[in-house]
Number of protein chains: 2
Amino acid sequence: MPATGVTIRDVAARAGVSLGTASRVLSGNPATSPDARTRVTEAATALGYRPNAQARSLRSTRTHVLGLLVSDVRNPFFADIAHAAEQAALDADYVSLLGNANENVEQQDRYIETFLTQRVDGVVLAPQGPSATLEMLLTSRMPVVFVDRKVDGFDVASVTTDSRHGVDEAVAHLVAAGHRRIGYIGGPQSISTGRDRHDAFIAALRRHDVAVDQELITFGDFRLASGTEAAERLLALSERPTALLAADNLMAEGALTTIRGQGLRVGADVEVIAFDDIEWFEHMDPPISVIAQDAGAVGRCAVELLLRVIAGDEPESVVLPTKFIDRSGASRG
Amino acid sequence: MPATGVTIRDVAARAGVSLGTASRVLSGNPATSPDARTRVTEAATALGYRPNAQARSLRSTRTHVLGLLVSDVRNPFFADIAHAAEQAALDADYVSLLGNANENVEQQDRYIETFLTQRVDGVVLAPQGPSATLEMLLTSRMPVVFVDRKVDGFDVASVTTDSRHGVDEAVAHLVAAGHRRIGYIGGPQSISTGRDRHDAFIAALRRHDVAVDQELITFGDFRLASGTEAAERLLALSERPTALLAADNLMAEGALTTIRGQGLRVGADVEVIAFDDIEWFEHMDPPISVIAQDAGAVGRCAVELLLRVIAGDEPESVVLPTKFIDRSGASRG
DNA sequence: TTGTAGGCGTTATCAG
DNA sequence: CTGATAACGCCTACAA
């Protein structure tokens, strides 16, 4: 029983009914006789009939496909989002086209084009930055929800997290532990997440009466290598910072490597706090304290919003909280 | 310039040519006059025309979509595969529908059904196990390539890795370092990867004249919790193993947590070797030695094979090598 | 309740 | 080289 090539006509023929009747039965139209129902369904399973989604959506103008465009699924944070979004989509009978933009506007644009020609029903997008293509997408009536980041000047429903609470707690914790020189490894200021976290950090320093020292503020690109480099610069300062705060998990990972490479002990010599509660941080030695955001919730929520946009709603953007998770006490079992 | 609703007829009308000519120009058919070419392309961009992939593939019976079904993108190993596969697909002008089976045959089957009705051009699949649906997929003429795992009795092109070399090197390393009691945390024996790695481990022990002690052999389900449990059992043995070998990265992570939770030092008290070269292992303290397989190569290769199957080829299955990466010297900087 | 027919947007065939 | 025209597989008025 091959699943390809057999059309609804074949089913109708085998069931001895017309094409219309077969279609009605298969699409659950109540205007069908019990007799027709049994004969058609029987014929369908016998032939291994499988509706052609292309043909169906050509008529209905709905594909039941969502586009999911993230930076890179190899980043555990986005992997969590992608997994949650995919599962939420599946629950609502949607499948997800996955795109990795690789922190690259051109690949983002390529996928936007593709999603458009594929006629996906909506797009969940972690924008890499503004572009003519992105602008075109947003003016195209295509339902879109931003995740993780926003882009200035684009009025789109989004799911983001509020860095302030988590960052403030983290800084409070460090200050309470006696830290005064806290190195910051930030993300690109062209990305909203990068800006927000930086602003939250500065605000927290002020709130806790710590002088803002520009030489302690560095910026990377949210990728690993930039974290190792930033940490190298920070640790080379004449007066070394006693703690490091990294604006995402990858740069934190890079910083950890630098610290260890220089023979320093994480926790004892240099405290480290990372954004993103990646599973691995908890299982490292010592465990790494984090500013946690619930990536799964972010992904699920994004799909929820998107489904509402698709339904014609205009949902409010959602801002999920962050919280500081202190693991400094749990060090070296 | 909305990107939706405008069809090729509109383009033709605006360009003052027939529908056929517009189609030919837009699909690069050489049988077109320069004049027609310029007018049509101009009209197309002016109107923001975007071909409808549904309609196109309804005619051409090719969707330029691949199905990519893995266990869970949150597992870094599969994230690497998914990323590489997606990029390779993109290079060949395909997009990828992502499915997470969650180590669950029913979700696997659900996605198989979906891929079929979506008429994807081919499927890259990390099979969760045999099922009637999987069998149906394989008899359906749908091009399929297995990644990472195989299923007995199914003759499908696959990309897997050969555990033997890496495992043998790892065991050799341990034996040379004086280890005789090596605990093994294996995967499910229902999955080919689980079986192969177990067999490779036993063979390696024999080859290196180490007695096979069944109490040192445990099995998990390739997920984290099962790794912590297995490690607990192993470390509770009256004569504790001095080294642990885990058959995937998640179970290794669990084992590491157990070891540390018991106040033992990784490396010094219990040596740990993990399958899968996850980035984090390299940056842990101490770095974890691994039996590495190139997940990116696996993903790329799978798509390559799949494209050849789609093209009508019958490519040979590919077995990529594994290799042991010793990081024990690099401990505690 | 059922059958027939038109059309969704494309591509491909066939005359001109 | 171009213009009609017929599918592709499905859904859905419209008639019967």
# chains A, B, ... in the order shown; residues from 1 in each chain; ligands from 1
$ select_by_dssp --residues "range 53-131 of chain B" --states "helix (DSSP H, G or I)" --output "MDAnalysis selection string"
chainID B and resid 53:60 76:91 105:117
$ calpha_fit_and_write --fixed "chain B" --moving "chain A" --output "mmCIF file with C-alpha atoms, in the first residue's frame"
data_model
loop_
_atom_site.group_PDB
_atom_site.id
_atom_site.type_symbol
_atom_site.label_atom_id
_atom_site.label_comp_id
_atom_site.auth_asym_id
_atom_site.auth_seq_id
_atom_site.Cartn_x
_atom_site.Cartn_y
_atom_site.Cartn_z
ATOM 1 C CA MET A 1 4.103 45.909 -1.961
ATOM 2 C CA PRO A 2 2.434 43.006 -0.223
ATOM 3 C CA ALA A 3 3.970 39.635 -0.933
ATOM 4 C CA THR A 4 0.783 37.687 -0.732
ATOM 5 C CA GLY A 5 -2.182 37.493 -3.033
ATOM 6 C CA VAL A 6 -0.310 38.586 -6.107
ATOM 7 C CA THR A 7 -0.260 35.814 -8.641
ATOM 8 C CA ILE A 8 1.433 35.232 -11.897
ATOM 9 C CA ARG A 9 -1.665 36.486 -13.706
ATOM 10 C CA ASP A 10 -1.227 39.872 -12.075
ATOM 11 C CA VAL A 11 2.343 39.962 -13.233
ATOM 12 C CA ALA A 12 1.316 38.977 -16.746
ATOM 13 C CA ALA A 13 -1.390 41.595 -16.807
ATOM 14 C CA ARG A 14 0.926 44.338 -15.650
ATOM 15 C CA ALA A 15 3.597 43.284 -18.111
ATOM 16 C CA GLY A 16 1.028 43.194 -20.869
ATOM 17 C CA VAL A 17 1.803 39.611 -21.801
ATOM 18 C CA SER A 18 0.013 36.337 -21.463
ATOM 19 C CA LEU A 19 0.124 34.138 -18.429
ATOM 20 C CA GLY A 20 2.224 31.586 -20.272
ATOM 21 C CA THR A 21 4.870 34.074 -21.220
ATOM 22 C CA ALA A 22 5.073 35.368 -17.691
ATOM 23 C CA SER A 23 5.468 31.851 -16.415
ATOM 24 C CA ARG A 24 8.193 31.082 -18.900
ATOM 25 C CA VAL A 25 10.131 34.178 -18.056
ATOM 26 C CA LEU A 26 9.871 33.602 -14.336
ATOM 27 C CA SER A 27 10.929 30.006 -14.563
ATOM 28 C CA GLY A 28 13.898 30.820 -16.771
ATOM 29 C CA ASN A 29 12.590 29.186 -19.902
ATOM 30 C CA PRO A 30 14.893 30.367 -22.722
ATOM 31 C CA ALA A 31 12.053 30.581 -25.203
ATOM 32 C CA THR A 32 11.304 34.188 -24.351
ATOM 33 C CA SER A 33 12.033 37.470 -26.013
ATOM 34 C CA PRO A 34 14.341 39.955 -24.333
ATOM 35 C CA ASP A 35 11.496 42.401 -24.370
ATOM 36 C CA ALA A 36 9.178 40.027 -22.533
ATOM 37 C CA ARG A 37 11.899 39.210 -20.078
ATOM 38 C CA THR A 38 12.491 42.750 -18.983
ATOM 39 C CA ARG A 39 8.822 43.647 -18.825
ATOM 40 C CA VAL A 40 7.883 40.573 -16.826
ATOM 41 C CA THR A 41 10.728 40.737 -14.359
ATOM 42 C CA GLU A 42 10.062 44.399 -13.888
ATOM 43 C CA ALA A 43 6.386 43.800 -13.280
ATOM 44 C CA ALA A 44 7.204 40.992 -10.891
ATOM 45 C CA THR A 45 9.471 43.057 -8.694
ATOM 46 C CA ALA A 46 7.125 46.024 -8.885
ATOM 47 C CA LEU A 47 4.297 43.909 -7.583
ATOM 48 C CA GLY A 48 6.446 41.995 -5.150
ATOM 49 C CA TYR A 49 5.453 38.781 -6.811
ATOM 50 C CA ARG A 50 6.472 35.625 -5.033
ATOM 51 C CA PRO A 51 5.777 32.242 -6.554
ATOM 52 C CA ASN A 52 3.452 30.004 -4.612
ATOM 53 C CA ALA A 53 5.422 26.944 -3.645
ATOM 54 C CA GLN A 54 2.236 24.972 -3.013
ATOM 55 C CA ALA A 55 0.905 25.491 -6.493
ATOM 56 C CA ARG A 56 4.281 24.910 -8.018
ATOM 57 C CA SER A 57 4.827 21.614 -6.286
ATOM 58 C CA LEU A 58 1.300 20.518 -6.951
ATOM 59 C CA ARG A 59 2.338 20.441 -10.569
ATOM 60 C CA SER A 60 5.895 19.356 -10.240
ATOM 61 C CA THR A 61 5.369 16.825 -7.456
ATOM 62 C CA ARG A 62 8.514 18.117 -5.801
ATOM 63 C CA THR A 63 8.302 20.324 -2.758
ATOM 64 C CA HIS A 64 11.920 21.147 -2.096
ATOM 65 C CA VAL A 65 11.253 20.373 1.511
ATOM 66 C CA LEU A 66 13.055 17.737 3.553
ATOM 67 C CA GLY A 67 11.841 16.173 6.760
ATOM 68 C CA LEU A 68 14.363 16.028 9.581
ATOM 69 C CA LEU A 69 13.356 13.849 12.478
ATOM 70 C CA VAL A 70 15.686 13.632 15.451
ATOM 71 C CA SER A 71 15.269 12.567 19.033
ATOM 72 C CA ASP A 72 15.580 15.944 20.649
ATOM 73 C CA VAL A 73 17.381 19.061 19.456
ATOM 74 C CA ARG A 74 18.159 19.897 23.045
ATOM 75 C CA ASN A 75 20.644 17.066 22.947
ATOM 76 C CA PRO A 76 23.778 18.826 21.650
ATOM 77 C CA PHE A 77 24.634 15.857 19.498
ATOM 78 C CA PHE A 78 21.372 16.110 17.618
ATOM 79 C CA ALA A 79 21.575 19.877 17.579
ATOM 80 C CA ASP A 80 24.837 19.526 15.682
ATOM 81 C CA ILE A 81 23.274 17.076 13.286
ATOM 82 C CA ALA A 82 20.222 19.251 12.784
ATOM 83 C CA HIS A 83 22.295 22.335 12.166
ATOM 84 C CA ALA A 84 24.572 20.642 9.683
ATOM 85 C CA ALA A 85 21.706 18.935 7.902
ATOM 86 C CA GLU A 86 19.743 22.144 7.663
ATOM 87 C CA GLN A 87 22.707 24.012 6.217
ATOM 88 C CA ALA A 88 23.481 21.261 3.736
ATOM 89 C CA ALA A 89 19.854 21.226 2.699
ATOM 90 C CA LEU A 90 19.849 24.972 2.273
ATOM 91 C CA ASP A 91 22.914 24.760 0.062
ATOM 92 C CA ALA A 92 20.930 22.455 -2.183
ATOM 93 C CA ASP A 93 17.895 24.732 -2.097
ATOM 94 C CA TYR A 94 15.882 22.679 0.287
ATOM 95 C CA VAL A 95 14.231 23.693 3.509
ATOM 96 C CA SER A 96 13.847 21.416 6.478
ATOM 97 C CA LEU A 97 10.841 20.505 8.514
ATOM 98 C CA LEU A 98 12.132 19.771 11.995
ATOM 99 C CA GLY A 99 10.602 17.124 14.194
ATOM 100 C CA ASN A 100 11.577 16.121 17.705
ATOM 101 C CA ALA A 101 10.540 12.587 18.467
ATOM 102 C CA ASN A 102 11.568 12.872 22.115
ATOM 103 C CA GLU A 103 12.806 9.279 22.090
ATOM 104 C CA ASN A 104 9.209 8.320 21.566
ATOM 105 C CA VAL A 105 7.952 6.059 18.825
ATOM 106 C CA GLU A 106 4.504 7.588 18.758
ATOM 107 C CA GLN A 107 5.799 11.059 18.069
ATOM 108 C CA GLN A 108 8.095 9.596 15.475
ATOM 109 C CA ASP A 109 5.093 8.043 13.801
ATOM 110 C CA ARG A 110 3.115 11.223 14.002
ATOM 111 C CA TYR A 111 5.874 13.065 12.185
ATOM 112 C CA ILE A 112 6.247 10.364 9.596
ATOM 113 C CA GLU A 113 2.568 10.760 8.795
ATOM 114 C CA THR A 114 2.976 14.503 8.626
ATOM 115 C CA PHE A 115 5.988 14.330 6.356
ATOM 116 C CA LEU A 116 4.045 12.061 4.089
ATOM 117 C CA THR A 117 1.033 14.320 3.813
ATOM 118 C CA GLN A 118 3.325 17.304 3.421
ATOM 119 C CA ARG A 119 4.868 15.446 0.501
ATOM 120 C CA VAL A 120 8.401 16.233 1.569
ATOM 121 C CA ASP A 121 10.957 15.169 -0.995
ATOM 122 C CA GLY A 122 12.835 13.032 1.498
ATOM 123 C CA VAL A 123 13.376 12.271 5.147
ATOM 124 C CA VAL A 124 16.439 12.190 7.364
ATOM 125 C CA LEU A 125 15.495 10.102 10.324
ATOM 126 C CA ALA A 126 17.066 9.020 13.587
ATOM 127 C CA PRO A 127 14.728 6.089 14.123
ATOM 128 C CA GLN A 128 13.311 5.583 17.595
ATOM 129 C CA GLY A 129 12.528 1.997 16.870
ATOM 130 C CA PRO A 130 10.481 -0.212 14.582
ATOM 131 C CA SER A 131 6.828 0.537 14.069
ATOM 132 C CA ALA A 132 4.192 -0.180 11.501
ATOM 133 C CA THR A 133 4.322 3.436 10.443
ATOM 134 C CA LEU A 134 8.050 3.341 9.899
ATOM 135 C CA GLU A 135 7.642 0.219 7.853
ATOM 136 C CA MET A 136 4.945 1.905 5.826
ATOM 137 C CA LEU A 137 7.229 4.875 5.240
ATOM 138 C CA LEU A 138 9.940 2.662 3.861
ATOM 139 C CA THR A 139 7.620 0.854 1.492
ATOM 140 C CA SER A 140 6.146 4.115 0.285
ATOM 141 C CA ARG A 141 8.874 5.053 -2.196
ATOM 142 C CA MET A 142 9.684 8.033 -0.003
ATOM 143 C CA PRO A 143 13.443 8.606 -0.012
ATOM 144 C CA VAL A 144 14.743 7.996 3.506
ATOM 145 C CA VAL A 145 18.131 8.031 5.142
ATOM 146 C CA PHE A 146 18.767 6.912 8.679
ATOM 147 C CA VAL A 147 21.166 8.918 10.806
ATOM 148 C CA ASP A 148 22.976 7.833 13.921
ATOM 149 C CA ARG A 149 20.958 4.647 14.263
ATOM 150 C CA LYS A 150 19.637 1.839 12.164
ATOM 151 C CA VAL A 151 16.742 -0.498 12.629
ATOM 152 C CA ASP A 152 17.247 -4.197 12.096
ATOM 153 C CA GLY A 153 15.582 -5.642 9.082
ATOM 154 C CA PHE A 154 15.192 -2.324 7.333
ATOM 155 C CA ASP A 155 17.377 -1.948 4.325
ATOM 156 C CA VAL A 156 17.860 1.804 4.241
ATOM 157 C CA ALA A 157 20.859 3.943 3.415
ATOM 158 C CA SER A 158 22.281 5.262 6.658
ATOM 159 C CA VAL A 159 25.002 7.367 8.163
ATOM 160 C CA THR A 160 26.348 5.945 11.362
ATOM 161 C CA THR A 161 29.624 5.855 13.193
ATOM 162 C CA ASP A 162 31.816 2.910 14.007
ATOM 163 C CA SER A 163 32.223 2.816 17.748
ATOM 164 C CA ARG A 164 34.908 0.198 17.775
ATOM 165 C CA HIS A 165 37.963 2.271 17.086
ATOM 166 C CA GLY A 166 37.132 5.019 19.553
ATOM 167 C CA VAL A 167 36.056 2.625 22.260
ATOM 168 C CA ASP A 168 39.118 0.496 21.812
ATOM 169 C CA GLU A 169 41.398 3.497 22.127
ATOM 170 C CA ALA A 170 39.516 4.661 25.185
ATOM 171 C CA VAL A 171 39.777 1.305 26.897
ATOM 172 C CA ALA A 172 43.433 1.039 25.925
ATOM 173 C CA HIS A 173 44.026 4.392 27.508
ATOM 174 C CA LEU A 174 42.265 3.427 30.713
ATOM 175 C CA VAL A 175 44.053 0.109 30.944
ATOM 176 C CA ALA A 176 47.394 1.768 30.363
ATOM 177 C CA ALA A 177 46.581 4.124 33.201
ATOM 178 C CA GLY A 178 46.052 1.136 35.436
ATOM 179 C CA HIS A 179 42.286 0.891 35.439
ATOM 180 C CA ARG A 180 40.864 -2.597 35.706
ATOM 181 C CA ARG A 181 37.381 -1.933 36.968
ATOM 182 C CA ILE A 182 35.684 0.130 34.329
ATOM 183 C CA GLY A 183 32.014 0.856 34.792
ATOM 184 C CA TYR A 184 29.904 1.028 31.665
ATOM 185 C CA ILE A 185 26.759 3.100 31.285
ATOM 186 C CA GLY A 186 25.153 1.865 28.121
ATOM 187 C CA GLY A 187 22.216 2.875 26.002
ATOM 188 C CA PRO A 188 19.070 0.881 25.321
ATOM 189 C CA GLN A 189 19.835 -2.412 23.633
ATOM 190 C CA SER A 190 16.825 -1.850 21.445
ATOM 191 C CA ILE A 191 18.715 0.905 19.654
ATOM 192 C CA SER A 192 21.529 -0.025 17.317
ATOM 193 C CA THR A 193 23.810 2.604 18.760
ATOM 194 C CA GLY A 194 23.270 1.192 22.213
ATOM 195 C CA ARG A 195 24.071 -2.313 21.065
ATOM 196 C CA ASP A 196 27.106 -1.376 19.004
ATOM 197 C CA ARG A 197 28.739 0.576 21.758
ATOM 198 C CA HIS A 198 28.134 -2.147 24.268
ATOM 199 C CA ASP A 199 29.566 -4.769 21.953
ATOM 200 C CA ALA A 200 32.540 -2.562 21.206
ATOM 201 C CA PHE A 201 33.152 -2.114 24.903
ATOM 202 C CA ILE A 202 33.064 -5.828 25.647
ATOM 203 C CA ALA A 203 35.315 -6.546 22.688
ATOM 204 C CA ALA A 204 37.781 -3.914 23.828
ATOM 205 C CA LEU A 205 37.899 -5.319 27.343
ATOM 206 C CA ARG A 206 38.665 -8.748 25.952
ATOM 207 C CA ARG A 207 41.290 -7.391 23.620
ATOM 208 C CA HIS A 208 43.023 -5.724 26.515
ATOM 209 C CA ASP A 209 42.734 -8.721 28.805
ATOM 210 C CA VAL A 210 40.359 -7.185 31.259
ATOM 211 C CA ALA A 211 37.865 -9.545 32.824
ATOM 212 C CA VAL A 212 34.264 -8.765 31.918
ATOM 213 C CA ASP A 213 32.362 -8.227 35.137
ATOM 214 C CA GLN A 214 28.614 -8.029 34.584
ATOM 215 C CA GLU A 215 28.049 -5.968 37.692
ATOM 216 C CA LEU A 216 30.024 -3.179 36.029
ATOM 217 C CA ILE A 217 27.699 -3.101 33.050
ATOM 218 C CA THR A 218 24.624 -0.924 33.363
ATOM 219 C CA PHE A 219 22.119 0.424 30.909
ATOM 220 C CA GLY A 220 20.250 3.689 30.702
ATOM 221 C CA ASP A 221 18.013 5.280 28.112
ATOM 222 C CA PHE A 222 20.415 7.842 26.663
ATOM 223 C CA ARG A 223 18.926 10.520 28.890
ATOM 224 C CA LEU A 224 20.420 12.408 31.774
ATOM 225 C CA ALA A 225 18.535 10.949 34.697
ATOM 226 C CA SER A 226 19.397 7.415 33.691
ATOM 227 C CA GLY A 227 23.056 8.400 33.772
ATOM 228 C CA THR A 228 22.902 9.668 37.330
ATOM 229 C CA GLU A 229 21.098 6.508 38.421
ATOM 230 C CA ALA A 230 23.482 4.181 36.676
ATOM 231 C CA ALA A 231 26.431 6.000 38.210
ATOM 232 C CA GLU A 232 24.855 5.718 41.634
ATOM 233 C CA ARG A 233 24.534 1.979 41.237
ATOM 234 C CA LEU A 234 28.090 1.633 39.972
ATOM 235 C CA LEU A 235 29.622 3.780 42.679
ATOM 236 C CA ALA A 236 27.721 1.871 45.348
ATOM 237 C CA LEU A 237 29.448 -1.398 44.454
ATOM 238 C CA SER A 238 31.566 -2.868 47.205
ATOM 239 C CA GLU A 239 34.543 -2.643 44.935
ATOM 240 C CA ARG A 240 34.001 0.688 43.235
ATOM 241 C CA PRO A 241 34.956 1.137 39.606
ATOM 242 C CA THR A 242 37.828 3.547 39.049
ATOM 243 C CA ALA A 243 36.570 4.681 35.678
ATOM 244 C CA LEU A 244 33.244 5.193 33.970
ATOM 245 C CA LEU A 245 32.430 5.065 30.287
ATOM 246 C CA ALA A 246 29.096 6.504 29.248
ATOM 247 C CA ALA A 247 27.512 5.763 25.888
ATOM 248 C CA ASP A 248 26.288 9.276 25.226
ATOM 249 C CA ASN A 249 26.831 12.813 26.405
ATOM 250 C CA LEU A 250 23.645 13.126 28.431
ATOM 251 C CA MET A 251 24.238 10.041 30.536
ATOM 252 C CA ALA A 252 27.828 11.184 31.013
ATOM 253 C CA GLU A 253 26.565 14.482 32.283
ATOM 254 C CA GLY A 254 24.371 12.644 34.739
ATOM 255 C CA ALA A 255 27.261 10.504 35.864
ATOM 256 C CA LEU A 256 29.440 13.554 36.448
ATOM 257 C CA THR A 257 26.785 15.004 38.692
ATOM 258 C CA THR A 258 26.576 11.816 40.705
ATOM 259 C CA ILE A 259 30.325 11.635 41.112
ATOM 260 C CA ARG A 260 30.550 15.174 42.364
ATOM 261 C CA GLY A 261 27.498 14.763 44.509
ATOM 262 C CA GLN A 262 29.264 11.982 46.342
ATOM 263 C CA GLY A 263 32.262 14.156 47.007
ATOM 264 C CA LEU A 264 34.454 12.317 44.573
ATOM 265 C CA ARG A 265 36.774 14.110 42.212
ATOM 266 C CA VAL A 266 36.436 13.536 38.507
ATOM 267 C CA GLY A 267 39.737 12.375 37.148
ATOM 268 C CA ALA A 268 41.465 11.871 40.468
ATOM 269 C CA ASP A 269 38.963 9.486 42.074
ATOM 270 C CA VAL A 270 36.917 8.374 39.114
ATOM 271 C CA GLU A 271 37.986 8.762 35.525
ATOM 272 C CA VAL A 272 35.169 9.552 33.122
ATOM 273 C CA ILE A 273 34.989 9.081 29.384
ATOM 274 C CA ALA A 274 31.959 10.157 27.426
ATOM 275 C CA PHE A 275 30.615 9.414 24.019
ATOM 276 C CA ASP A 276 29.978 12.483 21.845
ATOM 277 C CA ASP A 277 32.371 15.373 21.735
ATOM 278 C CA ILE A 278 30.148 18.076 23.085
ATOM 279 C CA GLU A 279 31.704 21.504 23.291
ATOM 280 C CA TRP A 280 31.088 21.679 27.008
ATOM 281 C CA PHE A 281 33.206 18.658 27.794
ATOM 282 C CA GLU A 282 36.251 20.480 26.558
ATOM 283 C CA HIS A 283 35.591 23.446 28.758
ATOM 284 C CA MET A 284 34.789 21.621 31.935
ATOM 285 C CA ASP A 285 37.117 21.366 34.878
ATOM 286 C CA PRO A 286 38.743 18.985 34.457
ATOM 287 C CA PRO A 287 38.072 18.606 30.737
ATOM 288 C CA ILE A 288 36.385 15.327 29.934
ATOM 289 C CA SER A 289 37.995 12.846 27.590
ATOM 290 C CA VAL A 290 35.632 11.718 24.897
ATOM 291 C CA ILE A 291 35.008 9.246 22.157
ATOM 292 C CA ALA A 292 34.331 11.762 19.452
ATOM 293 C CA GLN A 293 32.154 11.450 16.429
ATOM 294 C CA ASP A 294 31.811 14.341 14.038
ATOM 295 C CA ALA A 295 28.135 15.124 14.356
ATOM 296 C CA GLY A 296 28.342 17.880 11.794
ATOM 297 C CA ALA A 297 29.770 15.475 9.253
ATOM 298 C CA VAL A 298 27.044 12.997 10.095
ATOM 299 C CA GLY A 299 24.335 15.549 9.393
ATOM 300 C CA ARG A 300 25.901 16.831 6.198
ATOM 301 C CA CYS A 301 26.544 13.349 4.925
ATOM 302 C CA ALA A 302 22.998 12.273 5.633
ATOM 303 C CA VAL A 303 21.625 15.068 3.490
ATOM 304 C CA GLU A 304 24.115 14.271 0.755
ATOM 305 C CA LEU A 305 22.993 10.664 0.687
ATOM 306 C CA LEU A 306 19.381 11.687 0.791
ATOM 307 C CA LEU A 307 19.800 13.992 -2.185
ATOM 308 C CA ARG A 308 21.291 11.129 -4.097
ATOM 309 C CA VAL A 309 18.436 8.846 -3.164
ATOM 310 C CA ILE A 310 16.052 11.533 -4.325
ATOM 311 C CA ALA A 311 17.971 11.706 -7.577
ATOM 312 C CA GLY A 312 17.327 8.024 -8.078
ATOM 313 C CA ASP A 313 20.675 6.738 -6.912
ATOM 314 C CA GLU A 314 21.118 3.921 -4.479
ATOM 315 C CA PRO A 315 24.057 5.152 -2.457
ATOM 316 C CA GLU A 316 25.994 2.957 -0.096
ATOM 317 C CA SER A 317 25.589 3.552 3.602
ATOM 318 C CA VAL A 318 28.354 5.527 5.215
ATOM 319 C CA VAL A 319 30.113 4.653 8.432
ATOM 320 C CA LEU A 320 32.135 7.490 9.878
ATOM 321 C CA PRO A 321 34.967 6.873 12.314
ATOM 322 C CA THR A 322 35.117 7.639 15.995
ATOM 323 C CA LYS A 323 38.258 8.605 17.794
ATOM 324 C CA PHE A 324 39.330 8.897 21.366
ATOM 325 C CA ILE A 325 40.342 12.348 22.559
ATOM 326 C CA ASP A 326 42.421 12.193 25.693
ATOM 327 C CA ARG A 327 42.057 15.226 27.892
ATOM 328 C CA SER A 328 43.163 13.653 31.134
ATOM 329 C CA GLY A 329 46.524 15.396 30.981
ATOM 330 C CA ALA A 330 44.943 18.811 30.764
ATOM 331 C CA SER A 331 43.270 18.642 34.133
ATOM 332 C CA ARG A 332 42.986 21.464 36.622
ATOM 333 C CA GLY A 333 44.817 24.274 34.894
#
$ interface_residues --of "chain C" --to "chain B" --cutoff "12 Å" --atoms "only C-alpha atoms (C1' of nucleotides)" --output "list in words"
DC8, DG9, DT10, DT11, DA12 and DT13 of chain C
$ write_last_selection --atoms "N, CA and C atoms (P, O5', C5', C4', C3', O3' and C1' of nucleotides)" --output "JSON list (two decimals), in the first residue's frame"
[["chain", "number", "residue", "atom", "x", "y", "z"],
["C", 8, "DC", "P", -9.37, 31.18, -9.12],
["C", 8, "DC", "O5'", -8.31, 30.85, -7.99],
["C", 8, "DC", "C5'", -8.65, 30.79, -6.62],
["C", 8, "DC", "C4'", -7.66, 29.88, -5.92],
["C", 8, "DC", "C3'", -6.24, 30.02, -6.46],
["C", 8, "DC", "O3'", -5.52, 30.95, -5.65],
["C", 8, "DC", "C1'", -6.90, 27.71, -6.16],
["C", 9, "DG", "P", -4.83, 32.21, -6.35],
["C", 9, "DG", "O5'", -3.52, 31.55, -6.97],
["C", 9, "DG", "C5'", -2.51, 31.10, -6.08],
["C", 9, "DG", "C4'", -1.44, 30.37, -6.87],
["C", 9, "DG", "C3'", -0.77, 31.22, -7.95],
["C", 9, "DG", "O3'", 0.62, 31.05, -7.80],
["C", 9, "DG", "C1'", -1.57, 29.19, -8.87],
["C", 10, "DT", "P", 1.67, 31.84, -8.71],
["C", 10, "DT", "O5'", 2.46, 30.66, -9.38],
["C", 10, "DT", "C5'", 1.79, 29.67, -10.06],
["C", 10, "DT", "C4'", 2.56, 28.37, -10.08],
["C", 10, "DT", "C3'", 3.50, 28.33, -11.27],
["C", 10, "DT", "O3'", 4.76, 27.79, -10.91],
["C", 10, "DT", "C1'", 1.63, 26.82, -11.54],
["C", 11, "DT", "P", 5.89, 27.93, -12.06],
["C", 11, "DT", "O5'", 5.60, 26.64, -12.96],
["C", 11, "DT", "C5'", 5.80, 25.34, -12.39],
["C", 11, "DT", "C4'", 5.36, 24.30, -13.38],
["C", 11, "DT", "C3'", 6.18, 24.25, -14.67],
["C", 11, "DT", "O3'", 6.45, 22.89, -14.93],
["C", 11, "DT", "C1'", 3.90, 24.44, -15.18],
["C", 12, "DA", "P", 7.47, 22.47, -16.04],
["C", 12, "DA", "O5'", 6.52, 21.86, -17.16],
["C", 12, "DA", "C5'", 5.56, 20.87, -16.82],
["C", 12, "DA", "C4'", 4.77, 20.48, -18.05],
["C", 12, "DA", "C3'", 5.58, 20.43, -19.34],
["C", 12, "DA", "O3'", 5.04, 19.41, -20.18],
["C", 12, "DA", "C1'", 3.93, 22.06, -19.56],
["C", 13, "DT", "P", 5.95, 18.94, -21.43],
["C", 13, "DT", "O5'", 4.82, 18.55, -22.50],
["C", 13, "DT", "C5'", 3.49, 18.24, -22.05],
["C", 13, "DT", "C4'", 2.48, 18.77, -23.06],
["C", 13, "DT", "C3'", 2.97, 18.74, -24.51],
["C", 13, "DT", "O3'", 1.97, 18.12, -25.31],
["C", 13, "DT", "C1'", 2.12, 20.88, -23.99]]
$ interface_residues --of "chain D" --to "chain B" --cutoff "10 Å" --atoms "only C-alpha atoms (C1' of nucleotides)" --output "PyMOL selection string"
chain D and resi 1-4+7-9
$ write_last_selection --atoms "C-alpha atoms (C1' of nucleotides)" --output "PDB file, in the first residue's frame"
ATOM      1  C1'  DC D   1       9.371  32.903 -29.285  1.00  0.00           C
ATOM      2  C1'  DT D   2       4.415  33.319 -27.725  1.00  0.00           C
ATOM      3  C1'  DG D   3      -0.492  32.382 -26.367  1.00  0.00           C
ATOM      4  C1'  DA D   4      -4.162  29.377 -25.197  1.00  0.00           C
ATOM      5  C1'  DA D   7      -3.773  19.268 -15.876  1.00  0.00           C
ATOM      6  C1'  DC D   8      -1.849  18.733 -10.655  1.00  0.00           C
ATOM      7  C1'  DG D   9      -5.365  17.159  -6.069  1.00  0.00           C
TER       8       DG D   9
END
